[in-house]
Every structure is written in C-alpha cells, then in structure tokens.
Amino acid sequence: MDLSSVRIKEHFGMASNDTSTTKFTFVISPPKNRQTIQKQDIICLDHPIFGEVCQILGEVTEITSYEEVAGSTIRDRIGKLLATTQIIGYIDLRGENRPLQKLLVPPNPGSRIYMPYSAFLQDTLNRGTDGKPYIQSLCLGKTLIAAANQETNDQQLHFYLNADLLFKHTLICGVDGAGKTHTATVIIEELTGKVNQPIVVFDSNNEYASISTASKVLETDNVAANPQQNNPKAVAEKIKPNQVTIINTESLFLAEKDDYLSNVLKDLIKGRHEKTIQPFLLIIDDADNLSPQMLKEILACKEVGTILISSHPTLLGGKILSQIQTLIIGKTVDQQDLAYLDNITNGVEEELPNLRVGEWIIAGVNIARPTKIQIRDQHSEDPT
Ligand SMILES: Nc1ncnc2c1ncn2[C@@H]1O[C@H](COP(=O)(O)OP(=O)(O)OP(=O)(O)O)[C@@H](O)[C@H]1O
Ligand SMILES: [Mg+2]
C-alpha cells in the first residue's frame, strides 16, 4: 500500500517492549530535517495483525528523558527520550469510511513510529463516529494538534463540525465571559451560505446585532422587543429561509423576557406542528432564564435544532441535558456542572477549570473523540 500521502517516510522512534491496547511508550529517534516529536503530537504505526493497511493513531501525552549506559564503563552514558502515548484507535485505510476503531491487541514491540501528514490527519479526525466524511462542515477554529505537511513544517489542524449535528441539540456552556456568545456567532457565520434553513436567535442582551454587518448571504431581521409592534405571532411570521432572525429582548425585564419568549416559542412550536414554518435552527442565549417546560416542548419539536447557551448547564435539568448531542464547553468551575460534564468529556475533564477565553472542548455522542480547539475570530473582527 502506498503510504506516501499518509505519513512521513522517515520514522521517528521505535515502540518499547511495554505495549498495551490503550498506551505504550517509544524511544524517540530524532529525525534529520524535521522537528522532533513533542507532547500533544499525533503519531501512527502499523497494526500488529493487519499491518500497514491499518494505522494505529496515538497521542503523545508525556516525554521523559533518561540516561543509558552505552559503553563498557559507567561513564559512557547516552541521553534518550521516551514518549508515552495514548492510543486513540486505528483506522482501516482500505475503506472509504474510516471510523476510529478500538485496538484489541497491543502494538508490536519494536514497531516503527511515524508522523502522519496534516492533510491525512485532518481528513481522518474530522469525521463522525461512523467514519463518514462530513457533507457540510463548519470550520470552528484550530485544534492544538500540529502536524507536518508535505512541503513545510508543522501546522495546526483545523477543527470542523458537521452542520447536521446542529440540527439536533447542542449546548454551549462556560462561565460568564468564557466566550459563549462569540462561539455562537462564529457558528452562525459558518452556517451562512452552507445551509438554507432559517436561523432564529433569542438574544437577551443585544449581542448578535454585529452579525448583520458581517454575514454576506444571510439577511438579518432585528426584531426590537416591542411587544405592541412585534407581537409573538408576527415574529413567527418573519422567519424565512436564508435568514437569521434576531429577537432582541434587551429592553425587557427578566420576567417579561420569559413571558415574551415563551409566547414566541409557543407560536414557533404551533407553526411546526401545523407545518406553516419550515424546519429551523433556534439559538437560545441564556437558556436557563427560560421556563424548563417551554424548553422541553421546543426540544421535543420535530425538525427543530436548538443550540442552548448557558453558564450553568445543570440549571437546565437532567431531562433537557439528556437530549443534548453535541457539547461546546468552555471554562467551567461549578462543581455540579463539572460532575455532569465529567462523563461526557472523558479524559479531558481536568482541563475544564483552566480553559482560557477562546479555548473550547467539543464533545458529544457523534464526535469520535473530545477535542480541544481554539475558536476562530468573528468575521467582524477580521482586519480586512
Ligand atoms: N475567541 C475569542 N477571542 C477573542 N476574544 C474573545 C473570544 N471569545 C470571546 N471573546 C471576548 O470575550 C468577551 C466575552 O465574550 P462573550 O460575550 O462571548 O462571553 P459569554 O460567555 O457569552 O459571556 P456571558 O456569560 O456574560 O454572556 C467579549 O468581549 C468577547 O469579545
Ligand atoms: Mg453571552
């Protein structure tokens, strides 16, 4: 099999004697013209039974140095570097779909360790759990994984989310100021021109108005929260394909907001039941201010995708959280929230209290592995 587009020809190390189905160590042999292995790098090696057609992928989680006696006297020592590697899974290069599969036998000791090319990794990691390439992918930013491309040295891999996932239910959570609204705005920008379903935003603090100037294809319709002029029914009627409808309730008191938005929701739900409104995506900023009953009803609505935004996800309650398929998680410090997120983020949960603004962990039932990303800037922040 031709692996010239999969990995760099030169090897970067050799697996030690101590391998298991979940992790192993390898002795690093520094390559001549390339940067050596670093923590967080993704490496690959041949499957112990299927050989080179199935590549095992692993993430270097730690690098330690040690000295070995190399000659006849104790003074003849050479320094070596040992990389601890967490196995991610293996993929079968022969198939069109490339799900990450669980390794059931440990890698062979002495296997050569290679560095995969960035294009190959990008293609492999940005797929759903079924291993199918995304039909409509949204670029949310970059992962922390650096990989080499054919010509130059390392570059950070982009992270893509399957647009389809958003039309199920998504949660964006993180402490106040973590950048939740920023992230939702990036998602709306990414959807621009890629999907034509209407997007409705419940904007309780007038934070989404900037999208109207930034997005080129979607029209925005700012509904000033004036219940006389914009009664909830009229709002439901404004929803159109290829349009973002922003319902800005900044000027209302908290209790009024809940009332107003609940009425809008009722009309949206009714519209869906009667099929007078086509399937749409609803983004609810500060979702924990809305009544849980209304949220439950909208989540149960057929062909309505929701993105709930909350700084305290557990306030939403278990019934709502159990319907969330995709999570975009920022800095989290609340113990209850952490306990809930713990189960989902499998292996990266200890990072949650230390995430910085712009850093997110994306996880969920249809995401092959929880991934830490740096979200991209909004278009309105671009210097051009
Ligand atoms: N990736 C980013 N890069 C640069 N600045 C960012 C980024 N994300 C957010 N910010 C900035 O951080 C501040 C807080 O962001 P944002 O309003 O999106 O947070 P939030 O989580 O929605 O906060 P709140 O809980 O108060 O609604 C804003 O000034 C925003 O411009
Ligand atoms: Mg916000």
# chains A, B, ... in the order shown; residues from 1 in each chain; ligands from 1
$ residues_near_ligand --ligand "ligand 2" --cutoff "12 Å" --atoms "only C-alpha atoms and all ligand atoms" --output "ChimeraX atom specification"
/A:172-185,202-208,283-287,308-311
$ select_by_dssp --residues "segment 9-239 of chain A" --states "alpha helix (DSSP H)" --output "JSON, numbers by chain"
{"A": [118, 119, 120, 121, 122, 123, 124, 125, 163, 164, 165, 166, 180, 181, 182, 183, 184, 185, 186, 187, 188, 189, 190, 191, 211, 212, 213, 214, 232, 233, 234, 235, 236, 237, 238]}
$ atom_distance --atom1 "atom CA of Thr129 of chain A" --atom2 "atom CA of Gln323 of chain A"
17.9 Å
$ residues_around --residues "Pro48 of chain A" --least-positions-apart "2" --cutoff "10 Å" --atoms "only C-alpha atoms" --output "VMD selection string"
chain A and resid 45 to 46 50 to 52 54 to 56 103 to 109 111
$ atom_distance --atom1 "atom 5 (N, counted along the ligand's line) of ligand 1" --atom2 "atom CA of Asp334 of chain A"
22.3 Å
$ closest_residue --among "A:Ile211, A:Leu166, A:Val53, A:Ile8" --to "Arg34 of chain A" --atoms "only C-alpha atoms"
A:Ile8
$ select_by_dssp --residues "segment 265-364 of chain A" --states "strand (DSSP E or B)" --output "ChimeraX atom specification"
/A:280-284,304-310,326-329,359-364
$ closest_residue --among "A:Asn97, A:Ser210, A:Ser251, A:Gln243" --to "ligand 1" --atoms "only C-alpha atoms and all ligand atoms"
A:Ser210
$ closest_residue --among "A:Lys168, A:Arg7, A:Arg376, A:His47" --to "ligand 1" --atoms "only C-alpha atoms and all ligand atoms"
A:Arg376
